[in-house]
Each structure stands twice: as C-alpha cells, then as structure tokens.
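model.txt, holding compact mmCIF, N, CA and C atoms:
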# COMPACT_ATOMS: atom_id res chain seq x y z
N MET A 187 101.16 98.92 76.53
CA MET A 187 101.70 98.71 77.86
C MET A 187 100.67 98.02 78.73
N LYS A 188 101.13 97.13 79.56
CA LYS A 188 100.28 96.35 80.45
C LYS A 188 99.55 97.26 81.44
N LYS A 189 98.26 96.99 81.65
CA LYS A 189 97.50 97.76 82.63
C LYS A 189 97.94 97.35 84.03
N LEU A 190 98.25 98.34 84.85
CA LEU A 190 98.73 98.06 86.19
C LEU A 190 97.55 98.00 87.16
N GLU A 191 97.49 96.92 87.90
CA GLU A 191 96.43 96.73 88.89
C GLU A 191 96.96 97.11 90.26
N PRO A 192 96.07 97.53 91.16
CA PRO A 192 96.52 97.81 92.52
C PRO A 192 97.14 96.56 93.14
N VAL A 193 98.22 96.78 93.89
CA VAL A 193 98.90 95.67 94.54
C VAL A 193 99.12 96.00 96.01
N ALA A 194 99.20 94.95 96.81
CA ALA A 194 99.48 95.10 98.24
C ALA A 194 100.89 94.59 98.51
N VAL A 195 101.68 95.41 99.18
CA VAL A 195 103.04 95.06 99.54
C VAL A 195 103.13 95.05 101.06
N LEU A 196 103.69 93.98 101.60
CA LEU A 196 103.94 93.89 103.04
C LEU A 196 105.43 94.09 103.26
N LEU A 197 105.79 95.14 103.97
CA LEU A 197 107.18 95.41 104.33
C LEU A 197 107.40 94.93 105.76
N VAL A 198 108.34 94.02 105.93
CA VAL A 198 108.69 93.52 107.26
C VAL A 198 110.07 94.11 107.58
N GLU A 199 110.06 95.18 108.34
CA GLU A 199 111.26 95.98 108.57
C GLU A 199 111.16 96.68 109.92
N ASP A 200 112.19 96.54 110.75
CA ASP A 200 112.15 97.15 112.08
C ASP A 200 112.74 98.56 112.13
N ASP A 201 113.48 98.96 111.11
CA ASP A 201 114.13 100.28 111.12
C ASP A 201 113.17 101.35 110.57
N PRO A 202 112.78 102.33 111.40
CA PRO A 202 111.85 103.37 110.95
C PRO A 202 112.36 104.16 109.74
N GLY A 203 113.66 104.41 109.67
CA GLY A 203 114.22 105.13 108.53
C GLY A 203 114.06 104.37 107.24
N ASP A 204 114.34 103.06 107.28
CA ASP A 204 114.17 102.24 106.09
C ASP A 204 112.70 102.08 105.72
N GLN A 205 111.84 102.01 106.73
CA GLN A 205 110.39 101.96 106.47
C GLN A 205 109.97 103.19 105.67
N LYS A 206 110.44 104.35 106.11
CA LYS A 206 110.06 105.60 105.45
C LYS A 206 110.61 105.66 104.03
N LEU A 207 111.86 105.22 103.84
CA LEU A 207 112.46 105.23 102.50
C LEU A 207 111.67 104.35 101.53
N VAL A 208 111.28 103.17 101.98
CA VAL A 208 110.50 102.28 101.11
C VAL A 208 109.15 102.91 100.81
N LYS A 209 108.51 103.46 101.84
CA LYS A 209 107.20 104.08 101.66
C LYS A 209 107.26 105.22 100.64
N VAL A 210 108.23 106.12 100.78
CA VAL A 210 108.38 107.25 99.87
C VAL A 210 108.72 106.76 98.46
N SER A 211 109.61 105.77 98.38
CA SER A 211 110.03 105.25 97.07
C SER A 211 108.86 104.60 96.33
N LEU A 212 108.06 103.82 97.02
CA LEU A 212 106.91 103.18 96.37
C LEU A 212 105.86 104.20 95.96
N LYS A 213 105.70 105.23 96.78
CA LYS A 213 104.70 106.26 96.49
C LYS A 213 105.03 107.01 95.20
N LYS A 214 106.32 107.17 94.93
CA LYS A 214 106.75 107.90 93.74
C LYS A 214 106.59 107.10 92.45
N GLN A 215 106.34 105.80 92.58
CA GLN A 215 106.15 104.98 91.39
C GLN A 215 104.76 105.17 90.82
N ARG A 216 104.59 104.78 89.60
CA ARG A 216 103.27 104.88 88.98
C ARG A 216 102.39 103.68 89.31
N ILE A 217 102.94 102.73 89.99
CA ILE A 217 102.17 101.54 90.35
C ILE A 217 101.23 101.91 91.50
N ALA A 218 99.95 101.63 91.30
CA ALA A 218 98.99 101.86 92.38
C ALA A 218 99.20 100.74 93.39
N ASN A 219 99.55 101.09 94.61
CA ASN A 219 99.78 100.05 95.59
C ASN A 219 99.40 100.49 96.98
N GLU A 220 99.27 99.50 97.84
CA GLU A 220 99.05 99.74 99.25
C GLU A 220 100.21 99.12 99.98
N LEU A 221 100.86 99.88 100.82
CA LEU A 221 101.99 99.39 101.58
C LEU A 221 101.55 99.18 103.02
N TYR A 222 101.79 97.98 103.50
CA TYR A 222 101.54 97.64 104.90
C TYR A 222 102.90 97.40 105.54
N ILE A 223 103.11 98.01 106.70
CA ILE A 223 104.40 97.92 107.36
C ILE A 223 104.23 97.26 108.72
N VAL A 224 105.06 96.24 108.95
CA VAL A 224 105.13 95.60 110.26
C VAL A 224 106.59 95.59 110.68
N SER A 225 106.82 95.53 111.99
CA SER A 225 108.17 95.71 112.51
C SER A 225 108.87 94.44 112.97
N SER A 226 108.19 93.29 112.81
CA SER A 226 108.83 92.05 113.26
C SER A 226 108.24 90.85 112.50
N GLY A 227 108.96 89.75 112.58
CA GLY A 227 108.47 88.52 111.98
C GLY A 227 107.18 88.05 112.63
N GLU A 228 107.10 88.21 113.94
CA GLU A 228 105.88 87.80 114.66
C GLU A 228 104.68 88.61 114.20
N GLU A 229 104.87 89.93 114.07
CA GLU A 229 103.77 90.79 113.62
C GLU A 229 103.39 90.48 112.17
N ALA A 230 104.38 90.13 111.36
CA ALA A 230 104.11 89.78 109.97
C ALA A 230 103.25 88.51 109.89
N LEU A 231 103.53 87.54 110.75
CA LEU A 231 102.70 86.33 110.76
C LEU A 231 101.29 86.66 111.22
N ASP A 232 101.15 87.55 112.21
CA ASP A 232 99.82 87.98 112.63
C ASP A 232 99.08 88.62 111.46
N PHE A 233 99.78 89.42 110.67
CA PHE A 233 99.19 90.05 109.49
C PHE A 233 98.72 88.98 108.50
N LEU A 234 99.60 88.06 108.18
CA LEU A 234 99.27 87.03 107.18
C LEU A 234 98.14 86.11 107.62
N TYR A 235 98.11 85.80 108.92
CA TYR A 235 97.06 84.92 109.44
C TYR A 235 95.87 85.69 109.97
N GLN A 236 95.87 87.02 109.82
CA GLN A 236 94.80 87.91 110.26
C GLN A 236 94.43 87.66 111.73
N ARG A 237 95.47 87.72 112.56
CA ARG A 237 95.30 87.53 114.01
C ARG A 237 95.45 88.87 114.73
N ASP A 238 94.98 88.89 115.97
CA ASP A 238 95.14 90.03 116.86
C ASP A 238 94.67 91.32 116.20
N LYS A 239 95.51 92.35 116.10
CA LYS A 239 95.03 93.63 115.57
C LYS A 239 94.71 93.58 114.09
N TYR A 240 95.04 92.49 113.42
CA TYR A 240 94.74 92.33 111.99
C TYR A 240 93.52 91.41 111.76
N SER A 241 92.82 91.08 112.82
CA SER A 241 91.70 90.14 112.71
C SER A 241 90.50 90.71 111.96
N SER A 242 90.45 92.04 111.82
CA SER A 242 89.33 92.62 111.08
C SER A 242 89.51 92.49 109.58
N GLY A 243 90.63 91.95 109.18
CA GLY A 243 90.85 91.67 107.77
C GLY A 243 91.83 92.62 107.11
N VAL A 244 92.82 92.06 106.51
CA VAL A 244 93.80 92.79 105.70
C VAL A 244 94.00 91.97 104.43
N PRO A 245 94.44 92.61 103.35
CA PRO A 245 94.59 91.86 102.11
C PRO A 245 95.78 90.91 102.16
N ARG A 246 95.69 89.89 101.37
CA ARG A 246 96.85 89.01 101.17
C ARG A 246 97.86 89.81 100.34
N PRO A 247 99.10 89.92 100.80
CA PRO A 247 100.06 90.71 100.03
C PRO A 247 100.43 90.04 98.71
N ASP A 248 100.67 90.86 97.69
CA ASP A 248 101.15 90.36 96.42
C ASP A 248 102.66 90.17 96.45
N LEU A 249 103.32 90.86 97.38
CA LEU A 249 104.77 90.79 97.53
C LEU A 249 105.13 91.12 98.97
N ILE A 250 106.12 90.40 99.50
CA ILE A 250 106.65 90.69 100.83
C ILE A 250 108.10 91.14 100.65
N LEU A 251 108.42 92.30 101.21
CA LEU A 251 109.81 92.78 101.28
C LEU A 251 110.26 92.52 102.71
N LEU A 252 111.33 91.75 102.87
CA LEU A 252 111.71 91.23 104.18
C LEU A 252 113.14 91.58 104.55
N ASP A 253 113.30 92.21 105.71
CA ASP A 253 114.63 92.43 106.28
C ASP A 253 115.01 91.14 107.01
N LEU A 254 116.28 90.78 106.97
CA LEU A 254 116.73 89.57 107.67
C LEU A 254 117.00 89.82 109.14
N ASN A 255 117.58 90.97 109.44
CA ASN A 255 118.08 91.23 110.79
C ASN A 255 117.09 92.05 111.59
N MET A 256 116.28 91.33 112.38
CA MET A 256 115.29 91.98 113.23
C MET A 256 115.33 91.34 114.60
N PRO A 257 114.96 92.09 115.64
CA PRO A 257 114.87 91.46 116.97
C PRO A 257 113.72 90.47 117.00
N GLY A 258 113.81 89.53 117.90
CA GLY A 258 112.78 88.48 117.98
C GLY A 258 112.95 87.52 116.83
N MET A 259 111.85 87.19 116.18
CA MET A 259 111.91 86.27 115.05
C MET A 259 112.64 86.96 113.90
N GLY A 260 113.74 86.43 113.50
CA GLY A 260 114.50 86.99 112.38
C GLY A 260 113.85 86.68 111.05
N GLY A 261 114.37 87.30 110.02
CA GLY A 261 113.81 87.14 108.69
C GLY A 261 113.87 85.72 108.17
N LYS A 262 114.95 84.99 108.48
CA LYS A 262 115.07 83.61 107.98
C LYS A 262 113.98 82.71 108.56
N GLU A 263 113.74 82.85 109.86
CA GLU A 263 112.70 82.03 110.49
C GLU A 263 111.32 82.39 109.93
N PHE A 264 111.07 83.67 109.75
CA PHE A 264 109.80 84.09 109.14
C PHE A 264 109.66 83.48 107.75
N LEU A 265 110.71 83.60 106.94
CA LEU A 265 110.69 83.05 105.59
C LEU A 265 110.43 81.55 105.61
N ARG A 266 111.09 80.84 106.51
CA ARG A 266 110.90 79.39 106.62
C ARG A 266 109.42 79.08 106.90
N GLN A 267 108.82 79.80 107.84
CA GLN A 267 107.42 79.52 108.19
C GLN A 267 106.47 79.84 107.03
N VAL A 268 106.72 80.92 106.33
CA VAL A 268 105.86 81.29 105.20
C VAL A 268 105.95 80.24 104.10
N LYS A 269 107.15 79.81 103.77
CA LYS A 269 107.33 78.87 102.66
C LYS A 269 106.92 77.45 103.02
N GLU A 270 106.77 77.15 104.31
CA GLU A 270 106.26 75.84 104.72
C GLU A 270 104.73 75.80 104.74
N ASP A 271 104.09 76.95 104.67
CA ASP A 271 102.63 77.02 104.72
C ASP A 271 102.06 76.95 103.31
N GLU A 272 101.26 75.94 103.06
CA GLU A 272 100.69 75.71 101.73
C GLU A 272 99.90 76.91 101.22
N ASP A 273 99.24 77.62 102.11
CA ASP A 273 98.42 78.76 101.70
C ASP A 273 99.24 80.03 101.45
N LEU A 274 100.45 80.11 101.96
CA LEU A 274 101.25 81.33 101.85
C LEU A 274 102.45 81.20 100.92
N ARG A 275 102.87 79.99 100.62
CA ARG A 275 104.15 79.79 99.93
C ARG A 275 104.25 80.41 98.55
N THR A 276 103.13 80.71 97.92
CA THR A 276 103.22 81.32 96.58
C THR A 276 103.43 82.83 96.61
N ILE A 277 103.36 83.43 97.78
CA ILE A 277 103.63 84.87 97.88
C ILE A 277 105.13 85.09 97.68
N PRO A 278 105.52 85.89 96.70
CA PRO A 278 106.94 86.16 96.51
C PRO A 278 107.50 86.94 97.71
N VAL A 279 108.66 86.50 98.19
CA VAL A 279 109.33 87.17 99.30
C VAL A 279 110.71 87.60 98.81
N VAL A 280 110.93 88.91 98.79
CA VAL A 280 112.22 89.46 98.39
C VAL A 280 112.94 89.94 99.63
N ILE A 281 114.14 89.42 99.83
CA ILE A 281 114.96 89.85 100.96
C ILE A 281 115.54 91.23 100.62
N LEU A 282 115.36 92.17 101.53
CA LEU A 282 115.89 93.53 101.39
C LEU A 282 116.65 93.83 102.67
N THR A 283 117.97 93.68 102.62
CA THR A 283 118.75 93.68 103.85
C THR A 283 120.11 94.35 103.66
N THR A 284 120.77 94.63 104.77
CA THR A 284 122.12 95.19 104.72
C THR A 284 123.18 94.11 104.59
N SER A 285 122.81 92.87 104.83
CA SER A 285 123.80 91.78 104.85
C SER A 285 124.28 91.41 103.45
N GLU A 286 125.60 91.29 103.33
CA GLU A 286 126.21 90.80 102.10
C GLU A 286 126.86 89.44 102.34
N LEU A 287 126.58 88.82 103.48
CA LEU A 287 127.20 87.54 103.81
C LEU A 287 126.73 86.46 102.86
N ASP A 288 127.69 85.72 102.32
CA ASP A 288 127.35 84.62 101.41
C ASP A 288 126.39 83.63 102.07
N GLN A 289 126.59 83.38 103.37
CA GLN A 289 125.73 82.41 104.06
C GLN A 289 124.29 82.91 104.14
N ASP A 290 124.10 84.20 104.38
CA ASP A 290 122.74 84.76 104.41
C ASP A 290 122.07 84.63 103.05
N ILE A 291 122.84 84.89 101.99
CA ILE A 291 122.30 84.78 100.63
C ILE A 291 121.92 83.33 100.35
N LEU A 292 122.82 82.41 100.64
CA LEU A 292 122.57 80.98 100.40
C LEU A 292 121.38 80.49 101.23
N ASP A 293 121.36 80.84 102.51
CA ASP A 293 120.25 80.43 103.38
C ASP A 293 118.92 80.95 102.84
N SER A 294 118.89 82.20 102.41
CA SER A 294 117.65 82.80 101.91
C SER A 294 117.13 82.06 100.69
N TYR A 295 118.01 81.77 99.75
CA TYR A 295 117.56 81.04 98.55
C TYR A 295 117.19 79.59 98.89
N ASN A 296 117.89 78.98 99.82
CA ASN A 296 117.53 77.62 100.25
C ASN A 296 116.16 77.60 100.92
N LEU A 297 115.77 78.72 101.50
CA LEU A 297 114.44 78.84 102.12
C LEU A 297 113.41 79.35 101.11
N HIS A 298 113.78 79.41 99.85
CA HIS A 298 112.90 79.76 98.73
C HIS A 298 112.54 81.24 98.65
N ALA A 299 113.49 82.10 99.02
CA ALA A 299 113.29 83.53 98.76
C ALA A 299 113.20 83.74 97.26
N SER A 300 112.42 84.70 96.85
CA SER A 300 112.26 85.01 95.42
C SER A 300 113.36 85.91 94.90
N GLY A 301 114.08 86.56 95.80
CA GLY A 301 115.17 87.43 95.41
C GLY A 301 115.90 87.91 96.64
N TYR A 302 117.10 88.43 96.43
CA TYR A 302 117.93 88.92 97.53
C TYR A 302 118.56 90.22 97.07
N VAL A 303 118.25 91.31 97.77
CA VAL A 303 118.72 92.63 97.40
C VAL A 303 119.39 93.28 98.60
N LYS A 304 120.61 93.75 98.40
CA LYS A 304 121.30 94.48 99.46
C LYS A 304 120.80 95.92 99.44
N LYS A 305 120.45 96.42 100.63
CA LYS A 305 119.99 97.81 100.75
C LYS A 305 121.16 98.75 100.45
N PRO A 306 120.98 99.64 99.49
CA PRO A 306 122.02 100.65 99.27
C PRO A 306 122.04 101.65 100.42
N VAL A 307 123.20 102.23 100.66
CA VAL A 307 123.34 103.22 101.72
C VAL A 307 122.86 104.59 101.23
N ASP A 308 123.15 104.91 99.98
CA ASP A 308 122.77 106.18 99.38
C ASP A 308 121.26 106.24 99.16
N MET A 309 120.64 107.36 99.55
CA MET A 309 119.19 107.49 99.47
C MET A 309 118.68 107.39 98.03
N GLU A 310 119.36 108.02 97.09
CA GLU A 310 118.93 107.98 95.69
C GLU A 310 119.03 106.55 95.14
N GLU A 311 120.10 105.85 95.47
CA GLU A 311 120.26 104.46 95.04
C GLU A 311 119.17 103.58 95.67
N PHE A 312 118.84 103.87 96.93
CA PHE A 312 117.79 103.11 97.62
C PHE A 312 116.47 103.26 96.87
N ARG A 313 116.13 104.50 96.50
CA ARG A 313 114.89 104.73 95.75
C ARG A 313 114.91 104.00 94.41
N ASP A 314 116.07 104.03 93.73
CA ASP A 314 116.19 103.33 92.44
C ASP A 314 115.98 101.83 92.60
N VAL A 315 116.53 101.25 93.66
CA VAL A 315 116.38 99.82 93.90
C VAL A 315 114.91 99.47 94.14
N ILE A 316 114.23 100.26 94.93
CA ILE A 316 112.81 100.01 95.20
C ILE A 316 112.00 100.13 93.91
N LYS A 317 112.32 101.11 93.07
CA LYS A 317 111.64 101.25 91.79
C LYS A 317 111.87 100.01 90.92
N GLU A 318 113.10 99.53 90.88
CA GLU A 318 113.40 98.35 90.07
C GLU A 318 112.70 97.11 90.60
N ILE A 319 112.60 96.97 91.91
CA ILE A 319 111.85 95.86 92.49
C ILE A 319 110.39 95.95 92.06
N GLY A 320 109.82 97.14 92.17
CA GLY A 320 108.42 97.33 91.76
C GLY A 320 108.21 97.04 90.29
N ASP A 321 109.10 97.57 89.44
CA ASP A 321 108.99 97.31 88.00
C ASP A 321 109.06 95.82 87.70
N TYR A 322 110.00 95.15 88.32
CA TYR A 322 110.18 93.71 88.06
C TYR A 322 108.96 92.91 88.49
N TRP A 323 108.53 93.11 89.74
CA TRP A 323 107.46 92.26 90.27
C TRP A 323 106.06 92.63 89.78
N PHE A 324 105.84 93.91 89.42
CA PHE A 324 104.49 94.31 89.08
C PHE A 324 104.29 94.67 87.62
N VAL A 325 105.36 94.78 86.86
CA VAL A 325 105.24 95.08 85.44
C VAL A 325 105.72 93.90 84.60
N ILE A 326 106.89 93.38 84.91
CA ILE A 326 107.50 92.32 84.10
C ILE A 326 106.98 90.94 84.48
N CYS A 327 106.97 90.62 85.76
CA CYS A 327 106.59 89.28 86.22
C CYS A 327 105.10 89.07 86.22
N LYS A 328 104.72 87.84 86.09
CA LYS A 328 103.33 87.43 86.24
C LYS A 328 103.20 86.85 87.65
N LEU A 329 102.40 87.47 88.49
CA LEU A 329 102.21 87.03 89.86
C LEU A 329 101.12 85.96 89.93
N PRO A 330 101.13 85.15 91.00
CA PRO A 330 100.05 84.18 91.18
C PRO A 330 98.71 84.91 91.21
N PRO A 331 97.65 84.27 90.71
CA PRO A 331 96.33 84.93 90.71
C PRO A 331 95.84 85.20 92.14
N LYS A 332 95.09 86.29 92.27
CA LYS A 332 94.52 86.62 93.58
C LYS A 332 93.39 85.64 93.88
N GLU A 333 93.31 85.30 95.17
CA GLU A 333 92.24 84.40 95.59
C GLU A 333 90.98 85.20 95.81
N ASP A 334 89.83 84.59 95.52
CA ASP A 334 88.55 85.27 95.74
C ASP A 334 88.07 85.10 97.15

As structure tokens, what does this structure read like?
Amino acid sequence: MKKLEPVAVLLVEDDPGDQKLVKVSLKKQRIANELYIVSSGEEALDFLYQRDKYSSGVPRPDLILLDLNMPGMGGKEFLRQVKEDEDLRTIPVVILTTSELDQDILDSYNLHASGYVKKPVDMEEFRDVIKEIGDYWFVICKLPPKED
C-alpha cells in the first residue's frame, strides 16, 4: 500500500455546520492532513497569496474543497481567479455544493474544476462522500509535486 504523506486541504465554505462535518469527516480518515477553513472567496485568496492574517505563512494546499454559493465573491469567481494564476492553477479544486443545476456543473468544469460533488443531506452520506474524496485525491491520484 502506498505510504500516505501529510496533506493540506483548504475548505472554502461559509456554512459552519458544513465546515464541522468536513472537519469531523476528514479527521476520521487515516490520511494525515491539516484542514484550513476559510469562509469566503476573498479570504481564500488571502490564504493562497499569504496576505493579511495569513502573511506569517500558511502551506500551499494540496486540495481545495469549494462551495459555490457564498456571500461576496462566489465560488465560480474564486475558481476563475485561481485557474488564471500560473502559480495556483495546478492545485486541484473540487466543488462541494448543494447545487444540482446543470449550468453550475457546466460552468465549474469550464472554469477547470477538478470535480463536482453535490453535498448529501444525510450526515452519514456526507461523511462517506468526504472519505471518497480523500481516498481519490490522496490515495489513488498522483498530485502535483510540492514546491520547495
């Protein structure tokens, strides 16, 4: 079995309940990881560019889990900005949202999302989905190499 390395996950989610569900679900996995949670697209950009309260340094995330529907900068605009930045575009961004709209799915993939997952309503299903995301991205997939 492949040796699992510590990974950093950035969750961009404004709902405290969903933040907690993701945090608990990731903690229950065997993958050693650090979860960073921000509540808006603007704060996520500050995290990625190490600005303001993140200026003392935070790791580059290995994966971004992104909600589409947030106040202020929505998920699509955040995704567009990340994928237009040469230094950030290789970070996989998985949409984790309540939206099942075909247009949201199409827009997300056109903006180069790495995946699109509808948030389950049931807590057990939610945990299973987070586990499957973790297994896929950190066990099965080969991620871009970390920068020194």

Mind checking which residues fall within 6.5 Å of segment 257-265 of chain A, counting only N, CA and C atoms, ignoring those fewer than 4 positions away in the same chain, and posting them as a list of chain:residue names? A:Ser226, A:Gly227, A:Glu228, A:Leu252, A:Asp253, A:Lys269, A:Glu270, A:Leu297

Which residue, A:Leu292, A:His298, A:Tyr240, A:Pro331, has the smallest gap to Val268 of chain A when you use only C-alpha atoms? A:His298

DSSP strand (DSSP E or B) residues within segment 213-329 of chain A, listed as a PyMOL selection string: chain A and resi 219-224+249-252+279-283+301-304

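If all atoms listed in the file are the atoms counted, then among A:Asp248, A:Ser241, A:Ile319, A:Lys305 the closest residue to Val279 of chain A is A:Asp248.
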
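Secondary structure from DSSP on the backbone puts helix (DSSP H, G or I) at the following positions of segment 283-316 of chain A: Asp288, Gln289, Asp290, Ile291, Leu292, Asp293, Ser294, Tyr295, Asn296, Met309, Glu310, Glu311, Phe312, Arg313, Asp314, Val315 and Ile316 of chain A.
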
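Our summary of the geometry notes that atom CA of Lys317 of chain A is positioned 27.9 Å from atom CA of Asp273 of chain A.
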
Report the distance between atom CA of Glu199 of chain A and atom CA of Ser225 of chain A in Å, rounded to one decimal place. 5.0 Å
